[in-house]
Amino acid sequence: MYLKVESFSKMTMKKFNVALYEPEIPQNTGNIARLCACTGANLYLIGKLGFSLSSKYMKRAGLDYWNDVKIEKVDTLEQLQAANPNSNFYYLTTKSKKTIYTVDFKENDFLVFGPETRGLPEDLLFSHKDISITIPMRENERSLNLSNSVAITLYEAIRQNL
């Protein structure tokens, strides 16, 4: 069944959370903030950032959506998990065989993405293999752009919960 575009835009979407672990590129974070504003998702920035939150590149990428997104800066992933004990956390990586299409996303889930140049720490992924997931890609390709990956995953979670 296909939804008409006008009916989709009037639907109330379930709330999800996007968490960026040590993001490095301000334009990606700005694009993701805009995505979060448009979908109602919360945005969490974890750990050391590779840019200033006042970066003109980040602000420009987010356009005039900054008042419509909830952004919270947290020091560690553990701190975020402790503050949200009833939420599921999913770790996005190219190092998993389990795809985003095998997960049953629920409202208030956290979609956690690593820094652009190195991804999430391998020890985190290996200790959480069951919740480490990937976006399918052609073999021998390295990775998708971070903001594209967030959009693909977030909209899959939203699609499942319409």
# chains A, B, ... in the order shown; residues from 1 in each chain; ligands from 1
>>> residues_around(residues="region 148-156 of chain A", least_positions_apart="2", cutoff="8 Å", atoms="only C-alpha atoms", output="list in words")
Phe16, Val18, Ile32, Leu35, Ile100, Tyr101, Leu111, Phe113, Ile135, Leu144, Asn145, Leu146, Ile158, Arg159 and Gln160 of chain A
>>> residues_around(residues="region 116-128 of chain A", least_positions_apart="5", cutoff="8 Å", atoms="only C-alpha atoms", output="ChimeraX atom specification")
/A:21,23-25,91-93,145-146
>>> residues_around(residues="Glu72 (chain A)", least_positions_apart="5", cutoff="7 Å", atoms="only C-alpha atoms", output="PDB file with N, CA and C atoms, in the first residue's frame")
ATOM      1  N   LEU A  43      18.449  14.955  18.984  1.00  0.00           N
ATOM      2  CA  LEU A  43      19.839  14.788  18.556  1.00  0.00           C
ATOM      3  C   LEU A  43      20.752  14.899  19.765  1.00  0.00           C
ATOM      4  N   TYR A  44      21.585  13.874  19.947  1.00  0.00           N
ATOM      5  CA  TYR A  44      22.557  13.846  21.031  1.00  0.00           C
ATOM      6  C   TYR A  44      23.952  13.838  20.434  1.00  0.00           C
ATOM      7  N   LEU A  45      24.796  14.713  20.937  1.00  0.00           N
ATOM      8  CA  LEU A  45      26.194  14.782  20.515  1.00  0.00           C
ATOM      9  C   LEU A  45      27.032  14.267  21.672  1.00  0.00           C
TER      10      LEU A  45
END
>>> closest_residue(among="A:Leu77, A:Cys36, A:Val103, A:Ala41", to="Tyr65 (chain A)", atoms="only C-alpha atoms")
A:Cys36
>>> closest_residue(among="A:Ser54, A:Leu20, A:Ala157, A:Thr134", to="Asp104 (chain A)", atoms="only C-alpha atoms")
A:Ala157
>>> closest_residue(among="A:Gly47, A:Pro85, A:Gly40, A:Gly30", to="Gly62 (chain A)", atoms="only C-alpha atoms")
A:Gly30
>>> select_by_dssp(residues="chain A", states="helix (DSSP H, G or I)", output="VMD selection string")
chain A and resid 5 to 9 26 to 39 56 to 61 66 to 68 77 to 83 100 to 102 122 to 127 129 to 131 146 to 160
>>> closest_residue(among="A:Ser147, A:Thr29, A:Asn17, A:Thr39", to="Phe105 (chain A)", atoms="only C-alpha atoms")
A:Asn17
>>> decode(residues="region 3-140 of chain A", atoms="C-alpha atoms", output="mmCIF file, in the first residue's frame")
data_model
loop_
_atom_site.group_PDB
_atom_site.id
_atom_site.type_symbol
_atom_site.label_atom_id
_atom_site.label_comp_id
_atom_site.auth_asym_id
_atom_site.auth_seq_id
_atom_site.Cartn_x
_atom_site.Cartn_y
_atom_site.Cartn_z
ATOM 1 C CA LEU A 3 0.667 6.533 1.116
ATOM 2 C CA LYS A 4 -0.215 9.757 -0.608
ATOM 3 C CA VAL A 5 2.409 12.428 0.019
ATOM 4 C CA GLU A 6 -0.130 14.827 1.498
ATOM 5 C CA SER A 7 -1.399 12.214 3.962
ATOM 6 C CA PHE A 8 2.140 11.360 5.055
ATOM 7 C CA SER A 9 2.977 14.989 5.808
ATOM 8 C CA LYS A 10 -0.016 15.217 8.156
ATOM 9 C CA MET A 11 0.835 12.045 10.091
ATOM 10 C CA THR A 12 2.203 12.145 13.594
ATOM 11 C CA MET A 13 5.559 10.380 13.641
ATOM 12 C CA LYS A 14 6.856 8.328 16.531
ATOM 13 C CA LYS A 15 9.800 9.868 18.354
ATOM 14 C CA PHE A 16 13.317 8.524 17.823
ATOM 15 C CA ASN A 17 16.752 9.605 18.996
ATOM 16 C CA VAL A 18 19.881 10.122 16.918
ATOM 17 C CA ALA A 19 23.213 10.009 18.732
ATOM 18 C CA LEU A 20 26.458 11.091 17.077
ATOM 19 C CA TYR A 21 29.556 9.798 18.819
ATOM 20 C CA GLU A 22 32.448 12.255 18.376
ATOM 21 C CA PRO A 23 31.265 13.736 15.060
ATOM 22 C CA GLU A 24 34.030 15.402 13.053
ATOM 23 C CA ILE A 25 32.435 17.293 10.163
ATOM 24 C CA PRO A 26 30.214 20.277 11.043
ATOM 25 C CA GLN A 27 28.254 20.172 7.774
ATOM 26 C CA ASN A 28 27.160 16.593 8.467
ATOM 27 C CA THR A 29 26.012 17.519 11.954
ATOM 28 C CA GLY A 30 24.111 20.517 10.573
ATOM 29 C CA ASN A 31 22.391 18.334 7.958
ATOM 30 C CA ILE A 32 21.505 15.782 10.637
ATOM 31 C CA ALA A 33 20.128 18.516 12.914
ATOM 32 C CA ARG A 34 17.873 19.635 10.061
ATOM 33 C CA LEU A 35 16.761 16.022 9.512
ATOM 34 C CA CYS A 36 15.989 15.693 13.219
ATOM 35 C CA ALA A 37 13.947 18.904 13.138
ATOM 36 C CA CYS A 38 11.910 17.623 10.179
ATOM 37 C CA THR A 39 11.250 14.228 11.783
ATOM 38 C CA GLY A 40 10.898 15.266 15.417
ATOM 39 C CA ALA A 41 13.921 13.201 16.451
ATOM 40 C CA ASN A 42 16.143 14.292 19.325
ATOM 41 C CA LEU A 43 19.839 14.788 18.556
ATOM 42 C CA TYR A 44 22.557 13.846 21.031
ATOM 43 C CA LEU A 45 26.194 14.782 20.515
ATOM 44 C CA ILE A 46 28.501 12.493 22.470
ATOM 45 C CA GLY A 47 32.076 13.157 23.567
ATOM 46 C CA LYS A 48 34.662 15.343 21.914
ATOM 47 C CA LEU A 49 33.437 17.158 18.821
ATOM 48 C CA GLY A 50 35.705 17.818 15.852
ATOM 49 C CA PHE A 51 34.340 21.372 15.580
ATOM 50 C CA SER A 52 32.799 24.154 17.630
ATOM 51 C CA LEU A 53 29.042 24.190 18.146
ATOM 52 C CA SER A 54 29.150 27.761 16.849
ATOM 53 C CA SER A 55 30.724 26.630 13.554
ATOM 54 C CA LYS A 56 29.364 28.656 10.651
ATOM 55 C CA TYR A 57 29.464 25.515 8.491
ATOM 56 C CA MET A 58 27.254 23.597 10.898
ATOM 57 C CA LYS A 59 24.859 26.521 11.300
ATOM 58 C CA ARG A 60 24.615 27.018 7.542
ATOM 59 C CA ALA A 61 23.915 23.331 6.871
ATOM 60 C CA GLY A 62 21.108 23.400 9.438
ATOM 61 C CA LEU A 63 19.616 26.532 7.859
ATOM 62 C CA ASP A 64 16.816 28.005 9.968
ATOM 63 C CA TYR A 65 15.779 24.726 11.632
ATOM 64 C CA TRP A 66 17.767 25.197 14.855
ATOM 65 C CA ASN A 67 14.764 26.220 16.967
ATOM 66 C CA ASP A 68 12.900 23.074 15.885
ATOM 67 C CA VAL A 69 15.407 20.479 17.064
ATOM 68 C CA LYS A 70 16.320 19.354 20.563
ATOM 69 C CA ILE A 71 20.109 18.983 20.764
ATOM 70 C CA GLU A 72 21.832 17.720 23.874
ATOM 71 C CA LYS A 73 25.581 17.406 24.446
ATOM 72 C CA VAL A 74 26.653 14.491 26.649
ATOM 73 C CA ASP A 75 30.129 13.486 27.749
ATOM 74 C CA THR A 76 29.915 9.709 27.260
ATOM 75 C CA LEU A 77 27.763 7.030 25.682
ATOM 76 C CA GLU A 78 27.485 5.396 29.103
ATOM 77 C CA GLN A 79 26.021 8.622 30.504
ATOM 78 C CA LEU A 80 23.400 8.674 27.727
ATOM 79 C CA GLN A 81 22.512 5.016 28.302
ATOM 80 C CA ALA A 82 22.212 5.511 32.064
ATOM 81 C CA ALA A 83 19.837 8.441 31.508
ATOM 82 C CA ASN A 84 17.672 6.311 29.171
ATOM 83 C CA PRO A 85 17.517 2.825 30.727
ATOM 84 C CA ASN A 86 14.225 1.863 29.051
ATOM 85 C CA SER A 87 15.347 2.659 25.505
ATOM 86 C CA ASN A 88 16.964 0.372 22.948
ATOM 87 C CA PHE A 89 20.324 1.428 21.532
ATOM 88 C CA TYR A 90 21.425 0.365 18.037
ATOM 89 C CA TYR A 91 24.995 0.862 16.844
ATOM 90 C CA LEU A 92 25.448 1.606 13.149
ATOM 91 C CA THR A 93 28.560 0.183 11.541
ATOM 92 C CA THR A 94 29.936 -1.222 8.313
ATOM 93 C CA LYS A 95 31.322 -4.123 10.389
ATOM 94 C CA SER A 96 28.047 -5.997 10.882
ATOM 95 C CA LYS A 97 26.161 -8.497 8.748
ATOM 96 C CA LYS A 98 22.852 -7.652 10.468
ATOM 97 C CA THR A 99 21.010 -4.997 8.439
ATOM 98 C CA ILE A 100 18.720 -2.203 9.534
ATOM 99 C CA TYR A 101 15.911 -4.125 7.805
ATOM 100 C CA THR A 102 16.125 -6.998 10.327
ATOM 101 C CA VAL A 103 15.497 -4.761 13.349
ATOM 102 C CA ASP A 104 12.069 -4.049 14.803
ATOM 103 C CA PHE A 105 12.519 -0.368 15.702
ATOM 104 C CA LYS A 106 10.375 1.049 18.496
ATOM 105 C CA GLU A 107 9.565 4.578 19.600
ATOM 106 C CA ASN A 108 12.349 6.185 21.694
ATOM 107 C CA ASP A 109 15.052 3.915 20.264
ATOM 108 C CA PHE A 110 18.526 5.411 19.931
ATOM 109 C CA LEU A 111 20.376 5.205 16.623
ATOM 110 C CA VAL A 112 24.058 5.651 17.428
ATOM 111 C CA PHE A 113 26.561 6.636 14.727
ATOM 112 C CA GLY A 114 30.327 6.960 14.972
ATOM 113 C CA PRO A 115 32.722 9.610 13.683
ATOM 114 C CA GLU A 116 33.087 9.966 9.940
ATOM 115 C CA THR A 117 36.697 8.796 9.637
ATOM 116 C CA ARG A 118 36.749 5.819 11.996
ATOM 117 C CA GLY A 119 33.256 4.764 13.068
ATOM 118 C CA LEU A 120 32.273 3.496 16.488
ATOM 119 C CA PRO A 121 34.950 1.841 18.665
ATOM 120 C CA GLU A 122 35.413 -1.814 17.744
ATOM 121 C CA ASP A 123 35.277 -2.970 21.374
ATOM 122 C CA LEU A 124 31.796 -1.439 21.653
ATOM 123 C CA LEU A 125 30.664 -3.191 18.470
ATOM 124 C CA PHE A 126 32.139 -6.563 19.405
ATOM 125 C CA SER A 127 30.576 -6.471 22.861
ATOM 126 C CA HIS A 128 27.177 -5.594 21.344
ATOM 127 C CA LYS A 129 27.063 -7.723 18.172
ATOM 128 C CA ASP A 130 23.335 -8.347 18.520
ATOM 129 C CA ILE A 131 22.519 -4.616 18.324
ATOM 130 C CA SER A 132 25.239 -3.579 15.875
ATOM 131 C CA ILE A 133 23.577 -3.074 12.506
ATOM 132 C CA THR A 134 24.468 -1.934 9.013
ATOM 133 C CA ILE A 135 23.006 -0.421 5.872
ATOM 134 C CA PRO A 136 23.455 -2.801 2.934
ATOM 135 C CA MET A 137 25.988 -1.640 0.341
ATOM 136 C CA ARG A 138 27.831 -3.080 -2.599
ATOM 137 C CA GLU A 139 30.796 -5.224 -1.684
ATOM 138 C CA ASN A 140 34.185 -3.451 -1.588
#
